[in-house]
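> Got a structure for you, questions after.
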Amino acid sequence: MSEAALPGTDVPHYHTVGIGAGPANLSLAALFESATTETIALFDSQPDAGWHNRLLHSGVRMQTSWLKDLVSLVDARHELTFLNYLVTTGRMFAFMNSQFDFMPRTEYVRYLSWAASKLRHVHYGVRIDQITLGDNGFALFSAGRPVGTGEHLVIGMGSRPFIPAEFVGLPADRAFIADDLAERIGDLGADTGAPVAVAGGGQTGIEAVMFLLGKGFTNIKWFGRRLWFETIDDSPTANDVYRPAHMQALQRLSPATRRRIIERLNPTGDALTPGAVRALYQANYDAMLVTGHFPVTMFPGRDVHSGVLDQAGDGSDEIVLHCRTPEKPEQHRVRHLVIATGRENTPVPFDDELGERIEIGEDGELIVEPDFSVRWKGMNGHQIYALNRSRLGHGLTDANLTLLPVRAAIVLNSMFGREMFEIRDELCPVNWG
Ligand SMILES: Cc1cc2nc3c(=O)[nH]c(=O)nc-3n(C[C@H](O)[C@H](O)[C@H](O)COP(=O)(O)OP(=O)(O)OC[C@H]3O[C@@H](n4cnc5c(N)ncnc54)[C@H](O)[C@@H]3O)c2cc1C
């Protein structure tokens, strides 16, 4: 069936509809369109192509090699390789001679936007707020209006930042998520010497610290829960867990063992980019040479478990942060708090009838099978796939960009019931058991 409307309706019908046009679904749509004449449509709530735009501070870098683009790992001759983007947009030599260890995130966003513009049915500015099941498969609704139907559905809705319960009561102008920092920087006041805390020892946390430093703040307290601010392990052994052979090995394990192994592997991916840490240390040192003190103080091993508003000696309000540490509890008084403590899966807007058919695991999440299909009752030939929602079932590669085309290929091979894409990884020196 093409994208033509079904008889008796003017709603476009596609073979597959996808919610979200982030890297996960763009990779899937890129491989889909190169392998079949069937149609796939993506709907994204953003006004136009973008990727974590509110965290796109000056100088931020990717954590992944440019080789890990939307398609190359499965089909290096695909039109939408990053290399083709560089050549056809005339930036190949400038990019190459800049000798980035990791490319600017802005460049990756441009690449995604370029790739999306080459796909046939990527619709921006459409927030899907209801998914229903009918005779024609899935119908997607936006603001009460059906925008498309499809035989199959792919959920690529990513994650969203949230304010954890311990900070919910704090006033919004004093404590806010890192995604809001660039917008709120003007509200932080002229007193750049006032203490500002950043809670969260991950990449978003360090980028918030660097942003504040760049704006002239001189008393930045950076809190991380882990015992040290760990950098990503980019060694060959660490990288061996980001390949199809390891993905397959994980699927052979019992859920409990798999979970334990994936949790132990966190530092290989869920940690700081060494380049960002070096940049922070050098900027901190430079500032110390000028003022005689380090503007950034790092507080590792601090679990900030509550924040309350209190009056300072001069009558102004301060936030008191209560921290658990490996030994004695601590308190820190700050003027503002930037929250970079993590993200949660974006909820899927199944309507009640469809929602009742979806099987939910103990963790309250969708149950995602090895081929990324979602377990639900009454499938009747219609499949739902979910990308980036099964970190503990599929490993860290499901939560990041390292194997996007491989995951897309697994989905397409399953969706079409044949090997549309060959996934090759036979030259592996590791015996995973
Ligand atoms: C700042 C940041 C930097 C990162 N950098 C890296 C990196 O360098 N390397 C790496 O491997 N991983 C990185 N990650 C982790 C991960 O790879 C990314 O989060 C990645 O964006 C996941 O891709 P996705 O397509 O699954 O989700 P997203 O990129 O989040 O895309 C989801 C899309 O769905 C849309 N959407 C959501 N709900 C709806 C709805 N109801 N209707 C319509 N559209 C909707 C959103 O607008 C969004 O565009 C980073 C994460 C963050 C937050």
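Chain identifiers are assigned as A, B, and so on, following the order in which chains appear in the structure tokens; residues are numbered from 1 within each chain, and ligands are numbered from 1 in order of appearance.
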Could you give me, as number ranges by chain, the residues within 10 Å of Gly269 in chain A, counting only C-alpha atoms and dropping anything in the same chain fewer than 4 positions from it?
A: 63-64, 231-234, 238-239, 241-242, 265, 273, 396-397, 399-400, 402
> Store the residues picked out above in a file with N, CA, C and O atoms, as a PDB file, in the first residue's frame.

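Saved file selection_22.pdb follows:
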```
ATOM      1  N   GLN A  63      29.965  12.268  21.264  1.00  0.00           N
ATOM      2  CA  GLN A  63      30.696  11.236  22.016  1.00  0.00           C
ATOM      3  C   GLN A  63      30.968  10.035  21.120  1.00  0.00           C
ATOM      4  O   GLN A  63      31.489   9.028  21.571  1.00  0.00           O
ATOM      5  N   THR A  64      30.555  10.147  19.865  1.00  0.00           N
ATOM      6  CA  THR A  64      30.595   8.997  18.970  1.00  0.00           C
ATOM      7  C   THR A  64      31.352   9.358  17.700  1.00  0.00           C
ATOM      8  O   THR A  64      31.271  10.487  17.232  1.00  0.00           O
ATOM      9  N   THR A 231      35.408   9.203  33.201  1.00  0.00           N
ATOM     10  CA  THR A 231      35.418   9.493  31.759  1.00  0.00           C
ATOM     11  C   THR A 231      35.072   8.216  30.996  1.00  0.00           C
ATOM     12  O   THR A 231      35.273   7.107  31.495  1.00  0.00           O
ATOM     13  N   ILE A 232      34.582   8.422  29.785  1.00  0.00           N
ATOM     14  CA  ILE A 232      34.219   7.284  28.939  1.00  0.00           C
ATOM     15  C   ILE A 232      35.458   6.444  28.668  1.00  0.00           C
ATOM     16  O   ILE A 232      36.530   6.973  28.393  1.00  0.00           O
ATOM     17  N   ASP A 233      35.287   5.148  28.762  1.00  0.00           N
ATOM     18  CA  ASP A 233      36.361   4.232  28.408  1.00  0.00           C
ATOM     19  C   ASP A 233      36.269   3.999  26.899  1.00  0.00           C
ATOM     20  O   ASP A 233      35.328   3.377  26.414  1.00  0.00           O
ATOM     21  N   ASP A 234      37.254   4.561  26.182  1.00  0.00           N
ATOM     22  CA  ASP A 234      37.216   4.454  24.719  1.00  0.00           C
ATOM     23  C   ASP A 234      38.265   3.452  24.225  1.00  0.00           C
ATOM     24  O   ASP A 234      38.718   3.511  23.091  1.00  0.00           O
ATOM     25  N   ALA A 238      36.634  -1.747  25.534  1.00  0.00           N
ATOM     26  CA  ALA A 238      35.337  -1.117  25.815  1.00  0.00           C
ATOM     27  C   ALA A 238      34.507  -1.037  24.540  1.00  0.00           C
ATOM     28  O   ALA A 238      33.301  -1.281  24.542  1.00  0.00           O
ATOM     29  N   ASN A 239      35.175  -0.718  23.439  1.00  0.00           N
ATOM     30  CA  ASN A 239      34.430  -0.578  22.184  1.00  0.00           C
ATOM     31  C   ASN A 239      33.899  -1.906  21.666  1.00  0.00           C
ATOM     32  O   ASN A 239      32.968  -1.936  20.862  1.00  0.00           O
ATOM     33  N   VAL A 241      32.133  -3.856  23.185  1.00  0.00           N
ATOM     34  CA  VAL A 241      30.747  -4.101  23.615  1.00  0.00           C
ATOM     35  C   VAL A 241      29.761  -3.288  22.773  1.00  0.00           C
ATOM     36  O   VAL A 241      28.559  -3.398  22.950  1.00  0.00           O
ATOM     37  N   TYR A 242      30.286  -2.483  21.862  1.00  0.00           N
ATOM     38  CA  TYR A 242      29.396  -1.723  20.963  1.00  0.00           C
ATOM     39  C   TYR A 242      29.481  -2.314  19.566  1.00  0.00           C
ATOM     40  O   TYR A 242      29.866  -1.649  18.607  1.00  0.00           O
ATOM     41  N   LEU A 265      28.609  -2.383  32.682  1.00  0.00           N
ATOM     42  CA  LEU A 265      29.246  -1.783  31.501  1.00  0.00           C
ATOM     43  C   LEU A 265      28.973  -0.285  31.371  1.00  0.00           C
ATOM     44  O   LEU A 265      29.490   0.363  30.457  1.00  0.00           O
ATOM     45  N   THR A 273      33.131  12.766  28.378  1.00  0.00           N
ATOM     46  CA  THR A 273      34.083  12.756  27.278  1.00  0.00           C
ATOM     47  C   THR A 273      35.421  13.294  27.801  1.00  0.00           C
ATOM     48  O   THR A 273      35.457  14.392  28.375  1.00  0.00           O
ATOM     49  N   LEU A 396      23.623  -0.961  26.173  1.00  0.00           N
ATOM     50  CA  LEU A 396      23.766   0.486  26.015  1.00  0.00           C
ATOM     51  C   LEU A 396      23.607   0.928  24.567  1.00  0.00           C
ATOM     52  O   LEU A 396      23.293   2.088  24.299  1.00  0.00           O
ATOM     53  N   THR A 397      23.826   0.015  23.634  1.00  0.00           N
ATOM     54  CA  THR A 397      23.695   0.397  22.220  1.00  0.00           C
ATOM     55  C   THR A 397      22.258   0.809  21.904  1.00  0.00           C
ATOM     56  O   THR A 397      22.028   1.543  20.956  1.00  0.00           O
ATOM     57  N   ALA A 399      20.515   2.656  23.822  1.00  0.00           N
ATOM     58  CA  ALA A 399      20.277   3.993  24.388  1.00  0.00           C
ATOM     59  C   ALA A 399      21.185   5.040  23.764  1.00  0.00           C
ATOM     60  O   ALA A 399      21.139   6.193  24.147  1.00  0.00           O
ATOM     61  N   ASN A 400      22.020   4.645  22.813  1.00  0.00           N
ATOM     62  CA  ASN A 400      22.884   5.663  22.201  1.00  0.00           C
ATOM     63  C   ASN A 400      22.978   5.458  20.685  1.00  0.00           C
ATOM     64  O   ASN A 400      22.206   4.692  20.108  1.00  0.00           O
ATOM     65  N   THR A 402      25.570   4.383  18.801  1.00  0.00           N
ATOM     66  CA  THR A 402      26.683   3.593  18.271  1.00  0.00           C
ATOM     67  C   THR A 402      26.282   2.549  17.231  1.00  0.00           C
ATOM     68  O   THR A 402      27.057   2.258  16.338  1.00  0.00           O
TER      69      THR A 402
END
```
> Do you know which residues are within 6 Å of ligand 1 using only C-alpha atoms and all ligand atoms? Can you write them as number ranges by chain?
A: 19-25, 43-46, 51-52, 55, 62-64, 126-129, 156-159, 388, 399-402
> May I have the selected residues written with C-alpha atoms, as a CSV table (one decimal), in the first residue's frame?

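Listing of part_24.csv after writing:
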```csv
chain,number,residue,atom,x,y,z
A,19,ILE,CA,6.7,8.7,16.0
A,20,GLY,CA,9.8,10.9,16.4
A,21,ALA,CA,12.4,11.9,13.8
A,22,GLY,CA,15.5,11.7,16.0
A,23,PRO,CA,18.5,9.7,14.9
A,24,ALA,CA,16.8,6.4,15.7
A,25,ASN,CA,13.9,6.7,13.4
A,43,PHE,CA,6.0,12.6,12.6
A,44,ASP,CA,8.0,14.9,15.0
A,45,SER,CA,6.7,17.5,17.4
A,46,GLN,CA,9.7,19.8,16.8
A,51,TRP,CA,18.6,17.3,18.0
A,52,HIS,CA,18.7,18.2,21.7
A,55,LEU,CA,21.7,21.6,25.1
A,62,MET,CA,29.8,14.3,20.0
A,63,GLN,CA,30.7,11.2,22.0
A,64,THR,CA,30.6,9.0,19.0
A,126,VAL,CA,3.2,17.4,14.5
A,127,ARG,CA,2.9,16.2,18.1
A,128,ILE,CA,1.3,12.7,18.2
A,129,ASP,CA,-1.0,12.6,21.2
A,156,GLY,CA,11.4,6.5,18.3
A,157,MET,CA,10.3,9.1,20.9
A,158,GLY,CA,13.5,9.3,22.8
A,159,SER,CA,13.7,10.6,26.3
A,388,ASN,CA,15.8,3.3,22.6
A,399,ALA,CA,20.3,4.0,24.4
A,400,ASN,CA,22.9,5.7,22.2
A,401,LEU,CA,24.0,6.2,18.6
A,402,THR,CA,26.7,3.6,18.3
```
> Find the spatial neighbours of His382 in chain A, counting only C-alpha atoms, within a cut-off of 9 Å - ignore same-chain residues fewer than 3 positions away - and output them as a ChimeraX atom specification.
/A:137-138,150-153,378-379
> I need the strand (DSSP E or B) residues of range 35-234 of chain A per DSSP on the backbone, written as a PyMOL selection string.
chain A and resi 40-44+61+104+122-124+130-134+137-142+145-155+159-161+175-177+196-199+220-223+231
> Going by DSSP on the backbone, which residues of range 27-104 of chain A come out as helix (DSSP H, G or I)? List them as a list of chain:residue names.
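Secondary structure check on range 27-104 of chain A, helix (DSSP H, G or I): A:Ser27, A:Leu28, A:Ala29, A:Ala30, A:Leu31, A:Phe32, A:Glu33, A:Ser34, A:Ala35, A:Asn53, A:Arg54, A:Leu55, A:Phe82, A:Leu83, A:Asn84, A:Tyr85, A:Leu86, A:Val87, A:Thr88, A:Met92, A:Phe93, A:Ala94, A:Phe95, A:Met96, A:Asn97.
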> Excluding same-chain residues fewer than 4 positions from range 307-315 of chain A, what lies within 8 Å of it counting only C-alpha atoms, as number ranges by chain?
A: 166-167, 169-170, 319-322
> Just write the chosen residues, N, CA, C and O atoms, as a PDB file, in the first residue's frame.

```pdb
ATOM      1  N   GLU A 166      12.970  15.179  44.697  1.00  0.00           N
ATOM      2  CA  GLU A 166      13.640  15.932  45.770  1.00  0.00           C
ATOM      3  C   GLU A 166      13.773  17.428  45.473  1.00  0.00           C
ATOM      4  O   GLU A 166      14.016  18.227  46.371  1.00  0.00           O
ATOM      5  N   PHE A 167      13.593  17.824  44.197  1.00  0.00           N
ATOM      6  CA  PHE A 167      13.734  19.248  43.857  1.00  0.00           C
ATOM      7  C   PHE A 167      12.425  19.871  43.370  1.00  0.00           C
ATOM      8  O   PHE A 167      12.401  21.049  42.995  1.00  0.00           O
ATOM      9  N   GLY A 169       9.736  20.921  44.778  1.00  0.00           N
ATOM     10  CA  GLY A 169       9.156  22.050  45.512  1.00  0.00           C
ATOM     11  C   GLY A 169       9.918  23.358  45.341  1.00  0.00           C
ATOM     12  O   GLY A 169       9.438  24.417  45.768  1.00  0.00           O
ATOM     13  N   LEU A 170      11.085  23.338  44.730  1.00  0.00           N
ATOM     14  CA  LEU A 170      11.882  24.565  44.646  1.00  0.00           C
ATOM     15  C   LEU A 170      11.319  25.499  43.580  1.00  0.00           C
ATOM     16  O   LEU A 170      10.796  25.035  42.559  1.00  0.00           O
ATOM     17  N   ILE A 319      19.164  28.227  48.410  1.00  0.00           N
ATOM     18  CA  ILE A 319      18.769  26.810  48.382  1.00  0.00           C
ATOM     19  C   ILE A 319      19.784  26.040  49.221  1.00  0.00           C
ATOM     20  O   ILE A 319      21.000  26.195  49.023  1.00  0.00           O
ATOM     21  N   VAL A 320      19.275  25.240  50.150  1.00  0.00           N
ATOM     22  CA  VAL A 320      20.186  24.387  50.928  1.00  0.00           C
ATOM     23  C   VAL A 320      20.094  22.977  50.340  1.00  0.00           C
ATOM     24  O   VAL A 320      19.014  22.379  50.296  1.00  0.00           O
ATOM     25  N   LEU A 321      21.232  22.497  49.892  1.00  0.00           N
ATOM     26  CA  LEU A 321      21.280  21.145  49.320  1.00  0.00           C
ATOM     27  C   LEU A 321      21.790  20.181  50.382  1.00  0.00           C
ATOM     28  O   LEU A 321      22.842  20.424  51.000  1.00  0.00           O
ATOM     29  N   HIS A 322      21.047  19.111  50.589  1.00  0.00           N
ATOM     30  CA  HIS A 322      21.460  18.080  51.548  1.00  0.00           C
ATOM     31  C   HIS A 322      22.058  16.910  50.767  1.00  0.00           C
ATOM     32  O   HIS A 322      21.409  16.377  49.869  1.00  0.00           O
TER      33      HIS A 322
END
```
> Can you tell me, as a list in words, what residues are no more than 12 Å from Ala287 in chain A when counting only C-alpha atoms, ignoring any on the same chain fewer than 3 positions away?
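Surrounding residues, per the criterion: Leu213, Gly214, Gly216, Phe217, Thr218, Asn219, Leu280, Tyr281, Gln282, Ala283, Asn284, Val290, Thr291, Gly292, His293, Phe294, Pro295 and Val296 of chain A.
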> Once you have the residues from the selection above, write them out as an mmCIF file, in the first residue's frame, restricted to C-alpha atoms.

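This is the output file selection-v5.cif:
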```cif
data_model
loop_
_atom_site.group_PDB
_atom_site.id
_atom_site.type_symbol
_atom_site.label_atom_id
_atom_site.label_comp_id
_atom_site.auth_asym_id
_atom_site.auth_seq_id
_atom_site.Cartn_x
_atom_site.Cartn_y
_atom_site.Cartn_z
ATOM 1 C CA LEU A 213 32.153 29.214 33.433
ATOM 2 C CA GLY A 214 31.983 30.757 29.965
ATOM 3 C CA GLY A 216 31.804 34.418 33.993
ATOM 4 C CA PHE A 217 30.396 32.613 37.063
ATOM 5 C CA THR A 218 33.107 32.232 39.671
ATOM 6 C CA ASN A 219 31.575 29.978 42.328
ATOM 7 C CA LEU A 280 37.131 22.079 32.054
ATOM 8 C CA TYR A 281 40.385 21.531 33.936
ATOM 9 C CA GLN A 282 42.247 23.935 31.652
ATOM 10 C CA ALA A 283 39.561 26.638 31.831
ATOM 11 C CA ASN A 284 39.445 26.252 35.615
ATOM 12 C CA VAL A 290 43.706 35.362 37.076
ATOM 13 C CA THR A 291 41.683 35.369 40.305
ATOM 14 C CA GLY A 292 43.733 33.174 42.631
ATOM 15 C CA HIS A 293 40.961 30.615 43.127
ATOM 16 C CA PHE A 294 39.286 27.898 41.088
ATOM 17 C CA PRO A 295 35.818 28.997 39.943
ATOM 18 C CA VAL A 296 34.670 25.365 39.728
#
```
> Which residues are close to Ala245 in chain A, i.e. within 10 Å by only C-alpha atoms, leaving aside same-chain residues fewer than 5 positions away? Reply as a list in words.
Asp240, Leu250, Ile423, Arg424, Asp425, Glu426, Leu427, Cys428, Val430, Asn431 and Trp432 of chain A
> May I ask which of the residues A:Ile220, A:Leu272, A:Leu28, A:Val406 is the closest one to Arg335 in chain A, counting only C-alpha atoms?
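Closest to Arg335 in chain A, using only C-alpha atoms: A:Ile220.
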> What does the distance between CA of Val60 in chain A and CA of Thr106 in chain A come to in Å, to one decimal place?
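Calculated distance between CA of Val60 in chain A and CA of Thr106 in chain A is 7.9 Å.
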> How many Å lie between CA of Asp303 in chain A and CA of Pro171 in chain A, rounded to one decimal?
20.7 Å
